[in-house]
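S.K.: Before I ask anything, let me first share the structure, which is written out below as structure tokens.
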Amino acid sequence: KDLSRITDIADLQRVARRRVPRMFYDYADSGAWTESTYRANESDFQKIRFRQRVAVDMEGRSLATQMIGQDVSMPVALAPTGLTGMQHADGEMLAAQAAADFGVPFTLSTMSICSIEDVARHTRKPFWFQLYVMRDRGFIEDLIGRARDAGCSALMLTLDLQILGQRHKDIKNGLSAPPKPTLANLIDLVTKPRWCMGMLGTPRRTFGNIVGHAKGVKDISSLSSWTAEQFDPKLSWADIEWIKRTWGGKLILKGILDEEDARMAADSGADALVVSNHGGRQLDGAMSSIEALPGIAEAVGRDIEVWMDGGIRSGQDVLKAWALGARGTLIGRPFLYGLGAFGQEGVRRALEIIHKEADITMALCGRKNLSQVDRSVLLPGAF
Ligand code: FNR
């Protein structure tokens with residue numbers, strides 16, 4: 001497929017909006033309540049300006065680096081996203097493969113459609129597994145064991161979803177996987193034949209890590225009722241310590257927005273933390289991620305690898321985050337739009353676009369590799 005006329009992430013978003021059933025497109029393109037934090041994640045990047053430099057040697061550039069000691073072709077990983085297999089049939093498997101081909105990590109969400117085992121069978125490279133803490137500790141141990149057996153090379157523990165933030169569109173759309181056969185859904189699906197054909201060819205239509213694995217769970221369709229019952233509102237740093245011991249491998253803590261929490265994360269002995277507000281989907285009115293990043297990087301960046309996610313829509317944003325102290329980034333919606341639009345090739349295209357933008361930007365700032373990129377590539381003042 002020739003995707004050369006797809007030149008930015010917004011192009012992928014436009015195609016995804018046409019091809020993905022309304023409730024799943026909306027699930028991706030939404031934030032909590034007024035969506036002010038969701039919007040600020042993106043718009044705050046625009047406040048940051050680069051310093052253009054000229055007549056410096058910019059031949060032989062590379063964006064390669066490491067995240068938690070693992071080689072990456074650029075400091076970008078695919079963020080864990082629930083219901084990814086509803087953006088496109090077999091979505092998690094396709095995204096994992098695209099990431100592996102590109103040399104960046106893929107993170108599988110607890111709330112995925114394809115199971116840990118499905119993804120492991122389908123990809124050559126180890127991927128990361130994202131864990132939500134549920135009340136049933138036996139089930140958590142079981143998930144950790146399955147991630148270990150599948151060869152996952154890091155566990156990403158998400159801390160900012162002890163209870164589910166409210167997203168209006170999901171409530172109004174009656175979000176469920178698979179979609180319920182209501183008249184509105186059927187009318188919508190008739191206009192999305194490509195998506196429907198894909199789904200007919202795959203057996204995976206519900207939460208593969210959970211249904212048939214968690215005790216007594218034969219069926220869940222609604223994300224919100226399951227999370228309300230199962231996610232643990234009592235999660236504490238003692239639980240994090242227990243999970244760290246039970247897992248025993250590389251650990252990433254995701255969902256930190258406050259410097260005090262960042263200090264606790266650094267003291268926990270985790271390998272990395274992700275400055276994140278869950279893509280604006282949890283606490284509406286919270287700080288944007290890029291605004292929170294510099295303070296946290298300053299406070300704990302010497303003790304733990306600091307990463308960020310939220311609002312990255314171009315390679316320029318990746319470079320801005322790096323310059324402000326992030327040693328890695330995650331992208332959520334950019335790859336989901338690529339996936340919904342064109343499947344595996346769309347995810348690859350999203351990564352190519354971001355890589356190209358970061359590379360050209362780095363060159364025009366007069367730098368050849370990331371070790372030369374720091375705050376001095378930015379004009380002072382924004383954050
Ligand atoms: C998410 N996010 C998320 N995070 C997580 O730890 N587990 C999950 O299951 C999900 N699910 C999820 C679904 C969808 C549709 C989105 C958009 C996001 C949050 C995600 O990992 C990441 O923090 C944000 O997506 C980053 O923001 P951008 O890149 O989407 O702006």
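Chain labels run A, B, ... following the order of the structure tokens; each chain numbers its residues from 1, and ligands are numbered from 1 in the order shown.
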Pick out the residues no farther than 7 Å from ligand 1, counting only C-alpha atoms and all ligand atoms, and list them as a count of residues only.
M.R.: 28
S.K.: Name all residues at most 8 Å from A:Ser314 (count only C-alpha atoms; drop same-chain ones fewer than 3 positions away) and give them as a PDB file with N, CA and C atoms, in the first residue's frame.
M.R.:
ATOM      1  N   ASP A   8       1.283  13.276   7.943  1.00  0.00           N
ATOM      2  CA  ASP A   8       1.382  13.569   9.375  1.00  0.00           C
ATOM      3  C   ASP A   8       0.343  12.757  10.148  1.00  0.00           C
ATOM      4  N   ILE A   9       0.418  12.856  11.476  1.00  0.00           N
ATOM      5  CA  ILE A   9      -0.466  12.038  12.311  1.00  0.00           C
ATOM      6  C   ILE A   9      -1.926  12.451  12.109  1.00  0.00           C
ATOM      7  N   ASP A 317       7.680  16.959  19.060  1.00  0.00           N
ATOM      8  CA  ASP A 317       7.280  16.827  20.463  1.00  0.00           C
ATOM      9  C   ASP A 317       8.211  15.864  21.210  1.00  0.00           C
ATOM     10  N   VAL A 318       8.626  14.804  20.522  1.00  0.00           N
ATOM     11  CA  VAL A 318       9.558  13.851  21.149  1.00  0.00           C
ATOM     12  C   VAL A 318      10.851  14.578  21.515  1.00  0.00           C
ATOM     13  N   ILE A 353       6.725   8.655  10.383  1.00  0.00           N
ATOM     14  CA  ILE A 353       6.460  10.100  10.393  1.00  0.00           C
ATOM     15  C   ILE A 353       7.155  10.748  11.590  1.00  0.00           C
ATOM     16  N   ILE A 354       6.981  10.143  12.751  1.00  0.00           N
ATOM     17  CA  ILE A 354       7.560  10.719  13.965  1.00  0.00           C
ATOM     18  C   ILE A 354       9.087  10.699  13.903  1.00  0.00           C
ATOM     19  N   GLU A 357      10.286  13.465  11.447  1.00  0.00           N
ATOM     20  CA  GLU A 357      10.139  14.814  12.014  1.00  0.00           C
ATOM     21  C   GLU A 357      11.204  15.074  13.087  1.00  0.00           C
ATOM     22  N   ALA A 358      11.476  14.072  13.905  1.00  0.00           N
ATOM     23  CA  ALA A 358      12.479  14.259  14.970  1.00  0.00           C
ATOM     24  C   ALA A 358      13.861  14.448  14.347  1.00  0.00           C
TER      25      ALA A 358
END
S.K.: Neighbours of A:Gln344 within 9 Å (only C-alpha atoms; same-chain residues fewer than 2 positions away dropped), as JSON, numbers by chain?
M.R.: {"A": [91, 93, 94, 95, 96, 97, 98, 338, 339, 342, 346, 347, 348, 349]}
S.K.: Restricted to N, CA and C atoms, what would the selected residues look like written as a PDB file, in the first residue's frame?
M.R.:
ATOM      1  N   GLY A  91      -5.567  -6.071  16.475  1.00  0.00           N
ATOM      2  CA  GLY A  91      -4.818  -4.818  16.586  1.00  0.00           C
ATOM      3  C   GLY A  91      -3.542  -4.914  17.403  1.00  0.00           C
ATOM      4  N   MET A  93      -1.650  -7.507  18.025  1.00  0.00           N
ATOM      5  CA  MET A  93      -0.630  -8.305  17.349  1.00  0.00           C
ATOM      6  C   MET A  93       0.016  -7.501  16.226  1.00  0.00           C
ATOM      7  N   LEU A  94      -0.794  -6.761  15.485  1.00  0.00           N
ATOM      8  CA  LEU A  94      -0.268  -5.973  14.369  1.00  0.00           C
ATOM      9  C   LEU A  94       0.608  -4.822  14.864  1.00  0.00           C
ATOM     10  N   ALA A  95       0.168  -4.165  15.916  1.00  0.00           N
ATOM     11  CA  ALA A  95       0.948  -3.038  16.447  1.00  0.00           C
ATOM     12  C   ALA A  95       2.271  -3.535  17.029  1.00  0.00           C
ATOM     13  N   ALA A  96       2.224  -4.684  17.703  1.00  0.00           N
ATOM     14  CA  ALA A  96       3.456  -5.238  18.285  1.00  0.00           C
ATOM     15  C   ALA A  96       4.458  -5.557  17.174  1.00  0.00           C
ATOM     16  N   GLN A  97       3.949  -6.101  16.079  1.00  0.00           N
ATOM     17  CA  GLN A  97       4.827  -6.448  14.973  1.00  0.00           C
ATOM     18  C   GLN A  97       5.428  -5.193  14.326  1.00  0.00           C
ATOM     19  N   ALA A  98       4.595  -4.169  14.141  1.00  0.00           N
ATOM     20  CA  ALA A  98       5.094  -2.921  13.544  1.00  0.00           C
ATOM     21  C   ALA A  98       6.168  -2.297  14.436  1.00  0.00           C
ATOM     22  N   GLY A 338      -3.113   5.285  13.383  1.00  0.00           N
ATOM     23  CA  GLY A 338      -2.468   4.556  12.293  1.00  0.00           C
ATOM     24  C   GLY A 338      -3.065   3.167  12.146  1.00  0.00           C
ATOM     25  N   LEU A 339      -3.273   2.511  13.275  1.00  0.00           N
ATOM     26  CA  LEU A 339      -3.829   1.156  13.280  1.00  0.00           C
ATOM     27  C   LEU A 339      -5.254   1.143  12.737  1.00  0.00           C
ATOM     28  N   PHE A 342      -5.004   1.967   8.776  1.00  0.00           N
ATOM     29  CA  PHE A 342      -4.351   1.060   7.815  1.00  0.00           C
ATOM     30  C   PHE A 342      -3.754  -0.191   8.455  1.00  0.00           C
ATOM     31  N   GLY A 346      -0.224   1.168   8.971  1.00  0.00           N
ATOM     32  CA  GLY A 346      -0.524   2.482   9.520  1.00  0.00           C
ATOM     33  C   GLY A 346       0.292   2.765  10.774  1.00  0.00           C
ATOM     34  N   VAL A 347       0.509   1.728  11.586  1.00  0.00           N
ATOM     35  CA  VAL A 347       1.353   1.914  12.775  1.00  0.00           C
ATOM     36  C   VAL A 347       2.779   2.198  12.328  1.00  0.00           C
ATOM     37  N   ARG A 348       3.219   1.437  11.339  1.00  0.00           N
ATOM     38  CA  ARG A 348       4.565   1.690  10.827  1.00  0.00           C
ATOM     39  C   ARG A 348       4.678   3.125  10.297  1.00  0.00           C
ATOM     40  N   ARG A 349       3.637   3.563   9.575  1.00  0.00           N
ATOM     41  CA  ARG A 349       3.666   4.921   9.014  1.00  0.00           C
ATOM     42  C   ARG A 349       3.730   5.960  10.139  1.00  0.00           C
TER      43      ARG A 349
END
S.K.: Enter the distance from atom CA of A:Ala40 to atom CA of A:Met287, in Å, rounded to one decimal.
M.R.: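 Taking atom CA of A:Ala40 and atom CA of A:Met287, their separation equals 7.9 Å.
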